[in-house]
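Structure, as structure tokens:
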Amino acid sequence: VKIGIVGGTGDIGEGMAMRLSTVFDLVVGSREQDKAEASCTITRETLKNRGQECSLCGVTNQDAVDGADVVILAIPFRHVVPTLSTLHGFEDKIVISPVNPMEKKDHFVFVPPPEGSAALLIQKLLPKEARLCCAFNTIAANRWKALDEELAYSVPVCGDEEEAKQQVMGIVNRISKLQAFNAGPLAVSPQIESLTPLVLNIARYNRMRDVGIQFR
Ligand SMILES: NC(=O)c1ccc[n+]([C@@H]2O[C@H](COP(=O)([O-])OP(=O)(O)OC[C@H]3O[C@@H](n4cnc5c(N)ncnc54)[C@H](OP(=O)(O)O)[C@@H]3O)[C@@H](O)[C@H]2O)c1
């Protein structure tokens, strides 16, 4: 499987690249190819110093879509509409949204668009042949980057197309100790996306670090 990350130079994108590129062929996208290449150089050096092999290259966001079977949209919610308006070629691709529409006020608040969730808005913006799933919403970027530690979390995955969802769950299950759970159709995405502000509030009000979720 070849995975592309749109916005792969950001916090979550870089963290994901450090883990995904040791298992899959990865293309890291950015609005600026130079920025993507610089980010890949850092990831490559980090992994080389740990004696780990990796496969990744830095490209434009459009090349990350074109060159991948599975595209992860690692962009802040407020940039989703403008970013997707500049990209094409999502037909038949599996698209993963880790996007959580939320704001920090006194506490963290889930602020979905009128569609109900970021994923449901993204579904409207993508061609109908795109195979959209929600995954990776609740794992913090710093956990992805803490390479000495296993990622021992549960990952709820939702989507309307069963085969695409199974493929995404297969990808999740190959990373560290992540465990994928089928959460149902894309209509469940508001519930998944709203877990993250909850987790951040739990961390804040209980003075905890690295709060994650586990289903058992
Ligand atoms: N951070 C976390 O711990 C975490 C955890 C779970 C889920 N998520 C979700 O993952 C997504 C990405 O989060 P993040 O923290 O990685 O975000 P981020 O670091 O703030 O940004 C990610 C990337 O988005 C691109 N970007 C920035 N401004 C843009 C603009 N105006 N137009 C288009 N692209 C722009 C940038 O890439 P280029 O400049 O290279 O184009 C940037 O590197 C969010 O939706 C978030 O809810 C984050």
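Letters A, B, ... go to the chains of the structure tokens in the order shown; residues in each chain start at 1; ligands are counted from 1 in the same order.
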Can I get the residues of chain A within 9 Å of ligand 1, each with the closest pair of atoms and their distance in Å to one decimal, using only C-alpha atoms and all ligand atoms, sorted chain first then ascending number, as a tab-separated table?
residue	atom	partner	partner_atom_place_in_ligand_line	distance
A:Val6	CA	ligand 1	37 (O)	7.6
A:Gly7	CA	ligand 1	37 (O)	4.0
A:Gly8	CA	ligand 1	43 (O)	6.0
A:Thr9	CA	ligand 1	43 (O)	4.1
A:Gly10	CA	ligand 1	43 (O)	3.1
A:Asp11	CA	ligand 1	16 (O)	3.7
A:Ile12	CA	ligand 1	16 (O)	3.8
A:Gly13	CA	ligand 1	16 (O)	5.4
A:Glu14	CA	ligand 1	16 (O)	7.6
A:Gly15	CA	ligand 1	16 (O)	8.5
A:Val28	CA	ligand 1	40 (O)	9.0
A:Gly29	CA	ligand 1	40 (O)	6.8
A:Ser30	CA	ligand 1	40 (O)	3.6
A:Arg31	CA	ligand 1	41 (O)	3.7
A:Glu32	CA	ligand 1	40 (O)	5.9
A:Gln33	CA	ligand 1	40 (O)	7.9
A:Asp34	CA	ligand 1	40 (O)	8.8
A:Lys35	CA	ligand 1	40 (O)	5.9
A:Ala36	CA	ligand 1	40 (O)	6.1
A:Ser39	CA	ligand 1	40 (O)	8.8
A:Thr60	CA	ligand 1	41 (O)	8.2
A:Asn61	CA	ligand 1	41 (O)	7.4
A:Leu73	CA	ligand 1	11 (C)	7.1
A:Ala74	CA	ligand 1	12 (C)	4.2
A:Ile75	CA	ligand 1	12 (C)	4.0
A:Pro76	CA	ligand 1	45 (O)	3.7
A:Phe77	CA	ligand 1	45 (O)	4.7
A:Arg78	CA	ligand 1	31 (N)	7.9
A:His79	CA	ligand 1	32 (N)	4.9
A:Val80	CA	ligand 1	33 (C)	7.2
A:Val81	CA	ligand 1	32 (N)	8.9
A:Pro82	CA	ligand 1	32 (N)	6.6
A:Thr83	CA	ligand 1	33 (C)	5.1
A:Leu84	CA	ligand 1	33 (C)	8.8
A:Ser97	CA	ligand 1	45 (O)	7.8
A:Pro98	CA	ligand 1	7 (C)	4.9
A:Val99	CA	ligand 1	45 (O)	3.3
A:Asn100	CA	ligand 1	47 (O)	3.7
A:Pro101	CA	ligand 1	47 (O)	6.1
A:Met102	CA	ligand 1	47 (O)	7.4
A:Ala118	CA	ligand 1	45 (O)	8.5
A:Ala135	CA	ligand 1	7 (C)	8.9
A:Phe136	CA	ligand 1	6 (C)	6.3
A:Asn137	CA	ligand 1	7 (C)	4.4
A:Thr138	CA	ligand 1	6 (C)	5.1
A:Ile139	CA	ligand 1	6 (C)	5.1
A:Ala140	CA	ligand 1	3 (O)	3.5
A:Ala141	CA	ligand 1	3 (O)	3.7
A:Asn142	CA	ligand 1	3 (O)	6.5
A:Arg143	CA	ligand 1	3 (O)	8.0
A:Trp144	CA	ligand 1	3 (O)	8.5
A:Glu193	CA	ligand 1	47 (O)	8.4
A:Thr196	CA	ligand 1	6 (C)	7.4
Suppose we keep N, CA and C atoms; can you now write the selection as a short mmCIF file (atom, residue, chain, number, x, y, z; two decimals), in the first residue's frame?
data_model
loop_
_atom_site.label_atom_id
_atom_site.label_comp_id
_atom_site.auth_asym_id
_atom_site.auth_seq_id
_atom_site.Cartn_x
_atom_site.Cartn_y
_atom_site.Cartn_z
N VAL A 6 -1.57 14.50 2.89
CA VAL A 6 -1.77 15.91 2.52
C VAL A 6 -1.57 16.73 3.80
N GLY A 7 -0.71 17.75 3.73
CA GLY A 7 -0.37 18.51 4.94
C GLY A 7 0.56 17.71 5.84
N GLY A 8 1.40 16.88 5.21
CA GLY A 8 2.25 15.96 5.96
C GLY A 8 3.41 16.60 6.69
N THR A 9 3.55 17.93 6.58
CA THR A 9 4.64 18.64 7.27
C THR A 9 4.23 19.12 8.66
N GLY A 10 2.97 18.93 9.01
CA GLY A 10 2.48 19.47 10.28
C GLY A 10 2.77 18.54 11.44
N ASP A 11 2.17 18.86 12.57
CA ASP A 11 2.44 18.11 13.81
C ASP A 11 2.08 16.64 13.64
N ILE A 12 0.84 16.39 13.26
CA ILE A 12 0.40 15.00 13.17
C ILE A 12 1.02 14.33 11.95
N GLY A 13 1.17 15.08 10.87
CA GLY A 13 1.72 14.51 9.63
C GLY A 13 3.15 14.02 9.84
N GLU A 14 3.96 14.85 10.50
CA GLU A 14 5.36 14.44 10.74
C GLU A 14 5.43 13.24 11.66
N GLY A 15 4.58 13.25 12.68
CA GLY A 15 4.56 12.12 13.61
C GLY A 15 4.14 10.84 12.91
N VAL A 28 4.93 12.32 1.35
CA VAL A 28 4.56 13.40 2.26
C VAL A 28 4.27 14.64 1.44
N GLY A 29 3.05 15.14 1.54
CA GLY A 29 2.65 16.29 0.74
C GLY A 29 2.67 17.60 1.52
N SER A 30 2.81 18.68 0.76
CA SER A 30 2.79 20.03 1.32
C SER A 30 2.32 20.97 0.22
N ARG A 31 1.93 22.20 0.60
CA ARG A 31 1.69 23.20 -0.44
C ARG A 31 2.99 23.54 -1.14
N GLU A 32 4.12 23.37 -0.42
CA GLU A 32 5.44 23.66 -1.01
C GLU A 32 6.30 22.41 -0.97
N GLN A 33 6.74 21.98 -2.13
CA GLN A 33 7.51 20.74 -2.19
C GLN A 33 8.78 20.81 -1.33
N ASP A 34 9.44 22.00 -1.32
CA ASP A 34 10.67 22.14 -0.53
C ASP A 34 10.42 21.85 0.94
N LYS A 35 9.27 22.33 1.40
CA LYS A 35 8.93 22.12 2.82
C LYS A 35 8.72 20.63 3.09
N ALA A 36 8.09 19.96 2.15
CA ALA A 36 7.86 18.52 2.30
C ALA A 36 9.20 17.77 2.31
N SER A 39 10.97 18.29 5.60
CA SER A 39 10.34 17.48 6.65
C SER A 39 10.77 16.01 6.53
N THR A 60 4.40 17.66 -3.62
CA THR A 60 3.29 18.59 -3.42
C THR A 60 2.06 17.81 -2.94
N ASN A 61 1.10 18.52 -2.39
CA ASN A 61 -0.13 17.84 -1.95
C ASN A 61 -0.79 17.09 -3.11
N LEU A 73 -5.73 13.07 5.19
CA LEU A 73 -5.89 14.54 5.15
C LEU A 73 -5.46 15.11 6.50
N ALA A 74 -4.17 15.44 6.64
CA ALA A 74 -3.63 15.91 7.92
C ALA A 74 -3.59 17.43 7.95
N ILE A 75 -4.74 18.04 7.79
CA ILE A 75 -4.80 19.50 7.75
C ILE A 75 -5.81 20.00 8.78
N PRO A 76 -5.55 21.19 9.34
CA PRO A 76 -6.50 21.73 10.31
C PRO A 76 -7.87 21.93 9.67
N PHE A 77 -8.91 21.77 10.48
CA PHE A 77 -10.28 21.83 9.96
C PHE A 77 -10.52 23.11 9.15
N ARG A 78 -10.02 24.24 9.66
CA ARG A 78 -10.33 25.52 8.98
C ARG A 78 -9.73 25.59 7.57
N HIS A 79 -8.75 24.74 7.28
CA HIS A 79 -8.14 24.75 5.93
C HIS A 79 -8.65 23.65 5.03
N VAL A 80 -9.62 22.88 5.50
CA VAL A 80 -10.10 21.73 4.71
C VAL A 80 -10.75 22.20 3.41
N VAL A 81 -11.66 23.15 3.49
CA VAL A 81 -12.39 23.56 2.29
C VAL A 81 -11.44 24.17 1.25
N PRO A 82 -10.61 25.18 1.64
CA PRO A 82 -9.69 25.72 0.63
C PRO A 82 -8.70 24.69 0.08
N THR A 83 -8.22 23.80 0.94
CA THR A 83 -7.24 22.81 0.45
C THR A 83 -7.88 21.86 -0.54
N LEU A 84 -9.06 21.31 -0.19
CA LEU A 84 -9.68 20.35 -1.10
C LEU A 84 -10.10 21.00 -2.41
N SER A 97 -9.70 10.66 7.17
CA SER A 97 -9.77 11.94 7.85
C SER A 97 -9.50 11.75 9.34
N PRO A 98 -8.39 12.37 9.84
CA PRO A 98 -8.17 12.43 11.29
C PRO A 98 -8.62 13.79 11.85
N VAL A 99 -9.36 14.55 11.01
CA VAL A 99 -9.64 15.96 11.30
C VAL A 99 -10.68 16.11 12.41
N ASN A 100 -10.34 16.91 13.41
CA ASN A 100 -11.25 17.18 14.52
C ASN A 100 -11.61 18.66 14.54
N PRO A 101 -12.86 19.02 14.26
CA PRO A 101 -13.23 20.43 14.31
C PRO A 101 -13.50 20.84 15.76
N MET A 102 -12.56 21.56 16.34
CA MET A 102 -12.75 21.95 17.75
C MET A 102 -12.06 23.27 18.02
N ALA A 118 -16.51 17.04 10.53
CA ALA A 118 -15.55 17.36 9.46
C ALA A 118 -15.65 16.31 8.36
N ALA A 135 -10.24 7.97 10.87
CA ALA A 135 -9.34 7.17 11.71
C ALA A 135 -8.26 8.07 12.28
N PHE A 136 -7.61 7.64 13.30
CA PHE A 136 -6.48 8.33 13.92
C PHE A 136 -6.86 9.65 14.59
N ASN A 137 -8.14 9.86 14.87
CA ASN A 137 -8.56 11.16 15.41
C ASN A 137 -8.05 11.43 16.82
N THR A 138 -7.83 10.37 17.59
CA THR A 138 -7.61 10.59 19.03
C THR A 138 -6.16 10.38 19.48
N ILE A 139 -5.24 10.20 18.51
CA ILE A 139 -3.84 9.99 18.92
C ILE A 139 -3.06 11.29 18.73
N ALA A 140 -2.47 11.79 19.81
CA ALA A 140 -1.79 13.08 19.78
C ALA A 140 -0.48 12.99 19.00
N ALA A 141 -0.14 14.10 18.36
CA ALA A 141 1.08 14.16 17.54
C ALA A 141 2.32 13.78 18.34
N ASN A 142 2.39 14.24 19.58
CA ASN A 142 3.62 13.94 20.36
C ASN A 142 3.74 12.46 20.68
N ARG A 143 2.62 11.74 20.69
CA ARG A 143 2.68 10.28 20.89
C ARG A 143 3.24 9.60 19.63
N TRP A 144 2.81 10.09 18.46
CA TRP A 144 3.34 9.54 17.21
C TRP A 144 4.86 9.71 17.17
N GLU A 193 -15.09 12.26 16.26
CA GLU A 193 -14.38 13.54 16.28
C GLU A 193 -14.53 14.26 17.63
N THR A 196 -11.94 13.71 20.88
CA THR A 196 -10.67 14.40 21.13
C THR A 196 -10.81 15.59 22.07
#
Can you tell me which residues surround A:Met169 at a distance of at most 8 Å, considering only C-alpha atoms, apart from same-chain residues fewer than 3 positions away, and format the answer as a count of residues only? 8
Excluding A:Pro190 and any residue of its chain fewer than 3 positions from it, enumerate the residues within 10 Å of it, using only C-alpha atoms, and give them as a ChimeraX atom specification. /A:100-101,110-112,115-120,134,186-187,193-195
Counting only C-alpha atoms, the residue among A:Gln179, A:Ile5, A:Ile72, A:Arg209 that lies closest to A:Val59 is A:Ile5
Based on the backbone DSSP call, show me all residues of stretch 38-175 of chain A assigned helix (DSSP H, G or I), as a short mmCIF file (atom, residue, chain, number, x, y, z; two decimals) with N, CA, C and O atoms, in the first residue's frame.
data_model
loop_
_atom_site.label_atom_id
_atom_site.label_comp_id
_atom_site.auth_asym_id
_atom_site.auth_seq_id
_atom_site.Cartn_x
_atom_site.Cartn_y
_atom_site.Cartn_z
N ALA A 38 12.12 18.97 3.18
CA ALA A 38 12.84 19.27 4.44
C ALA A 38 12.28 18.42 5.58
O ALA A 38 13.03 17.88 6.41
N SER A 39 10.97 18.29 5.60
CA SER A 39 10.34 17.48 6.65
C SER A 39 10.77 16.01 6.53
O SER A 39 11.07 15.35 7.54
N CYS A 40 10.84 15.53 5.30
CA CYS A 40 11.26 14.12 5.08
C CYS A 40 12.71 13.91 5.50
O CYS A 40 13.06 12.85 6.02
N THR A 41 13.55 14.93 5.27
CA THR A 41 14.96 14.81 5.66
C THR A 41 15.07 14.62 7.17
O THR A 41 15.83 13.77 7.66
N ILE A 42 14.26 15.40 7.91
CA ILE A 42 14.28 15.27 9.38
C ILE A 42 13.83 13.87 9.79
O ILE A 42 14.45 13.20 10.61
N THR A 43 12.75 13.40 9.17
CA THR A 43 12.23 12.07 9.51
C THR A 43 13.26 10.99 9.19
O THR A 43 13.52 10.09 9.99
N ARG A 44 13.85 11.11 7.99
CA ARG A 44 14.86 10.12 7.57
C ARG A 44 16.03 10.07 8.55
O ARG A 44 16.48 8.99 8.96
N GLU A 45 16.52 11.26 8.94
CA GLU A 45 17.66 11.34 9.87
C GLU A 45 17.28 10.73 11.23
O GLU A 45 18.05 9.97 11.82
N THR A 46 16.08 11.08 11.70
CA THR A 46 15.62 10.56 12.99
C THR A 46 15.61 9.04 12.97
O THR A 46 16.10 8.37 13.89
N LEU A 47 15.08 8.47 11.89
CA LEU A 47 14.96 7.02 11.80
C LEU A 47 16.32 6.36 11.58
O LEU A 47 16.62 5.31 12.14
N LYS A 48 17.16 7.04 10.77
CA LYS A 48 18.51 6.49 10.51
C LYS A 48 19.29 6.39 11.82
O LYS A 48 19.96 5.39 12.09
N ASN A 49 19.19 7.44 12.66
CA ASN A 49 19.89 7.43 13.94
C ASN A 49 19.41 6.31 14.85
O ASN A 49 20.10 5.92 15.79
N ASN A 61 1.10 18.52 -2.39
CA ASN A 61 -0.13 17.84 -1.95
C ASN A 61 -0.79 17.09 -3.11
O ASN A 61 -1.26 15.97 -2.94
N GLN A 62 -0.80 17.72 -4.30
CA GLN A 62 -1.43 17.04 -5.44
C GLN A 62 -0.69 15.75 -5.79
O GLN A 62 -1.32 14.72 -6.07
N ASP A 63 0.65 15.79 -5.73
CA ASP A 63 1.41 14.57 -6.02
C ASP A 63 1.20 13.51 -4.93
O ASP A 63 1.27 12.31 -5.21
N ALA A 64 0.94 13.97 -3.71
CA ALA A 64 0.67 13.01 -2.62
C ALA A 64 -0.65 12.30 -2.88
O ALA A 64 -0.79 11.12 -2.58
N VAL A 65 -1.61 13.00 -3.47
CA VAL A 65 -2.89 12.35 -3.83
C VAL A 65 -2.64 11.41 -5.01
O VAL A 65 -3.01 10.23 -4.97
N ASP A 66 -1.99 11.93 -6.04
CA ASP A 66 -1.82 11.15 -7.28
C ASP A 66 -0.98 9.89 -7.06
O ASP A 66 -1.23 8.87 -7.69
N PHE A 77 -8.91 21.77 10.48
CA PHE A 77 -10.28 21.83 9.96
C PHE A 77 -10.52 23.11 9.15
O PHE A 77 -11.13 23.08 8.08
N ARG A 78 -10.02 24.24 9.66
CA ARG A 78 -10.33 25.52 8.98
C ARG A 78 -9.73 25.59 7.57
O ARG A 78 -10.14 26.42 6.76
N HIS A 79 -8.75 24.74 7.28
CA HIS A 79 -8.14 24.75 5.93
C HIS A 79 -8.65 23.65 5.03
O HIS A 79 -8.16 23.50 3.90
N VAL A 80 -9.62 22.88 5.50
CA VAL A 80 -10.10 21.73 4.71
C VAL A 80 -10.75 22.20 3.41
O VAL A 80 -10.42 21.71 2.32
N VAL A 81 -11.66 23.15 3.49
CA VAL A 81 -12.39 23.56 2.29
C VAL A 81 -11.44 24.17 1.25
O VAL A 81 -11.41 23.72 0.10
N PRO A 82 -10.61 25.18 1.64
CA PRO A 82 -9.69 25.72 0.63
C PRO A 82 -8.70 24.69 0.08
O PRO A 82 -8.40 24.70 -1.11
N THR A 83 -8.22 23.80 0.94
CA THR A 83 -7.24 22.81 0.45
C THR A 83 -7.88 21.86 -0.54
O THR A 83 -7.33 21.61 -1.63
N LEU A 84 -9.06 21.31 -0.19
CA LEU A 84 -9.68 20.35 -1.10
C LEU A 84 -10.10 21.00 -2.41
O LEU A 84 -10.15 20.35 -3.45
N SER A 85 -10.36 22.32 -2.38
CA SER A 85 -10.75 22.99 -3.63
C SER A 85 -9.58 23.07 -4.61
O SER A 85 -9.78 23.28 -5.81
N ALA A 118 -16.51 17.04 10.53
CA ALA A 118 -15.55 17.36 9.46
C ALA A 118 -15.65 16.31 8.36
O ALA A 118 -15.65 16.63 7.18
N ALA A 119 -15.76 15.03 8.76
CA ALA A 119 -15.77 13.95 7.75
C ALA A 119 -17.00 14.07 6.85
O ALA A 119 -16.90 13.83 5.64
N LEU A 120 -18.14 14.42 7.42
CA LEU A 120 -19.35 14.54 6.59
C LEU A 120 -19.24 15.73 5.64
O LEU A 120 -19.76 15.69 4.52
N LEU A 121 -18.55 16.79 6.08
CA LEU A 121 -18.29 17.91 5.16
C LEU A 121 -17.31 17.46 4.06
O LEU A 121 -17.54 17.73 2.87
N ILE A 122 -16.26 16.75 4.45
CA ILE A 122 -15.26 16.28 3.49
C ILE A 122 -15.92 15.36 2.46
O ILE A 122 -15.63 15.44 1.26
N GLN A 123 -16.84 14.51 2.91
CA GLN A 123 -17.54 13.61 1.98
C GLN A 123 -18.26 14.41 0.89
O GLN A 123 -18.27 14.03 -0.27
N LYS A 124 -18.83 15.55 1.30
CA LYS A 124 -19.54 16.40 0.32
C LYS A 124 -18.58 17.01 -0.70
O LYS A 124 -18.95 17.25 -1.85
N LEU A 125 -17.35 17.28 -0.26
CA LEU A 125 -16.38 17.96 -1.12
C LEU A 125 -15.65 17.00 -2.06
O LEU A 125 -15.13 17.41 -3.09
N ALA A 141 -0.14 14.10 18.36
CA ALA A 141 1.08 14.16 17.54
C ALA A 141 2.32 13.78 18.34
O ALA A 141 3.19 13.05 17.85
N ASN A 142 2.39 14.24 19.58
CA ASN A 142 3.62 13.94 20.36
C ASN A 142 3.74 12.46 20.68
O ASN A 142 4.83 11.95 20.87
N ARG A 143 2.62 11.74 20.69
CA ARG A 143 2.68 10.28 20.89
C ARG A 143 3.24 9.60 19.63
O ARG A 143 4.00 8.66 19.71
N TRP A 144 2.81 10.09 18.46
CA TRP A 144 3.34 9.54 17.21
C TRP A 144 4.86 9.71 17.17
O TRP A 144 5.58 8.86 16.68
N LYS A 145 5.32 10.87 17.70
CA LYS A 145 6.76 11.19 17.60
C LYS A 145 7.59 10.54 18.71
O LYS A 145 8.82 10.52 18.60
N GLU A 162 -17.50 -0.93 3.35
CA GLU A 162 -16.93 -1.95 4.24
C GLU A 162 -15.50 -2.33 3.85
O GLU A 162 -14.63 -2.42 4.71
N GLU A 163 -15.25 -2.53 2.55
CA GLU A 163 -13.92 -2.99 2.14
C GLU A 163 -12.86 -1.93 2.42
O GLU A 163 -11.77 -2.23 2.90
N ALA A 164 -13.20 -0.67 2.15
CA ALA A 164 -12.26 0.42 2.43
C ALA A 164 -11.98 0.49 3.93
O ALA A 164 -10.82 0.66 4.37
N LYS A 165 -13.04 0.35 4.72
CA LYS A 165 -12.87 0.42 6.17
C LYS A 165 -11.97 -0.72 6.67
O LYS A 165 -11.11 -0.50 7.52
N GLN A 166 -12.16 -1.91 6.10
CA GLN A 166 -11.31 -3.05 6.50
C GLN A 166 -9.85 -2.77 6.15
O GLN A 166 -8.94 -3.09 6.91
N GLN A 167 -9.62 -2.15 5.00
CA GLN A 167 -8.23 -1.82 4.61
C GLN A 167 -7.63 -0.80 5.58
O GLN A 167 -6.47 -0.91 5.97
N VAL A 168 -8.43 0.20 5.95
CA VAL A 168 -7.93 1.21 6.90
C VAL A 168 -7.63 0.56 8.24
O VAL A 168 -6.59 0.81 8.86
N MET A 169 -8.53 -0.34 8.68
CA MET A 169 -8.30 -1.03 9.95
C MET A 169 -7.02 -1.88 9.88
O MET A 169 -6.26 -1.96 10.85
N GLY A 170 -6.78 -2.46 8.71
CA GLY A 170 -5.55 -3.23 8.52
C GLY A 170 -4.31 -2.36 8.63
O GLY A 170 -3.30 -2.76 9.23
N ILE A 171 -4.38 -1.16 8.09
CA ILE A 171 -3.25 -0.22 8.20
C ILE A 171 -3.04 0.16 9.67
O ILE A 171 -1.92 0.12 10.19
N VAL A 172 -4.12 0.50 10.34
CA VAL A 172 -4.03 0.88 11.77
C VAL A 172 -3.35 -0.24 12.55
O VAL A 172 -2.42 0.01 13.34
N ASN A 173 -3.78 -1.46 12.32
CA ASN A 173 -3.29 -2.60 13.12
C ASN A 173 -1.84 -2.94 12.85
O ASN A 173 -1.24 -3.70 13.61
#
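Atom CA of A:Val27 is found 5.5 Å from atom CA of A:Leu56.
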Can you tell me how far atom CA of A:Ile213 sits from atom CA of A:Val155, in Å to one decimal?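 If I compute the distance from atom CA of A:Ile213 to atom CA of A:Val155, I get 7.8 Å.
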Give me, as a VMD selection string, all polymer residues having an atom no more than 8 Å from A:Val23, counting only C-alpha atoms and skipping those fewer than 2 positions away in the same chain. chain A and resid 19 to 21 25 54 174 to 175
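When atom CA of A:Ala152 is paired with atom CA of A:Ser176, their separation reads 7.3 Å.
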Shell around A:Glu161 at 8 Å using only C-alpha atoms, local window under 6 positions removed, as a list in words: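 The residues that qualify are Arg131, Leu132 and Pro185 of chain A.
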Residue with smallest distance to A:Val71 - pool A:His88, A:Lys93, A:Lys104, A:Arg50, counting only C-alpha atoms: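 Smallest distance to A:Val71 is found for A:Lys93.
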Would you please extract all strand (DSSP E) residues from stretch 8-211 of chain A, as assigned by DSSP on the backbone, and give them as JSON, numbers by chain? {"A": [25, 26, 27, 28, 29, 30, 56, 57, 58, 59, 60, 70, 71, 72, 73, 94, 95, 96, 97, 102, 103, 104, 108, 109, 110, 131, 132, 133, 134, 154, 155, 156, 157, 158, 159, 179, 180, 181, 182, 183, 184]}
Restricting the calculation to only C-alpha atoms: of A:Glu91, A:Glu129, A:Glu103, A:Asp210, which residue gets closest to A:Glu149? A:Asp210
Nearest residue to A:Gln52 out of A:Pro197, A:Phe108, A:Ile202, A:Leu147, using only C-alpha atoms?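 Among the listed residues, A:Leu147 lies closest to A:Gln52.
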Pick from A:Gly212, A:Gly89, A:Gly159, A:Gly51 nearest to A:Pro127, counting only C-alpha atoms: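 Result for the nearest residue to A:Pro127: A:Gly89.
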Fewer than 2 positions away in the same chain doesn't count, so skip those; otherwise give me all residues within 9 Å of A:Lys2, counting only C-alpha atoms, as JSON, numbers by chain. {"A": [4, 24, 25, 26, 27, 67, 68, 69, 70, 71]}
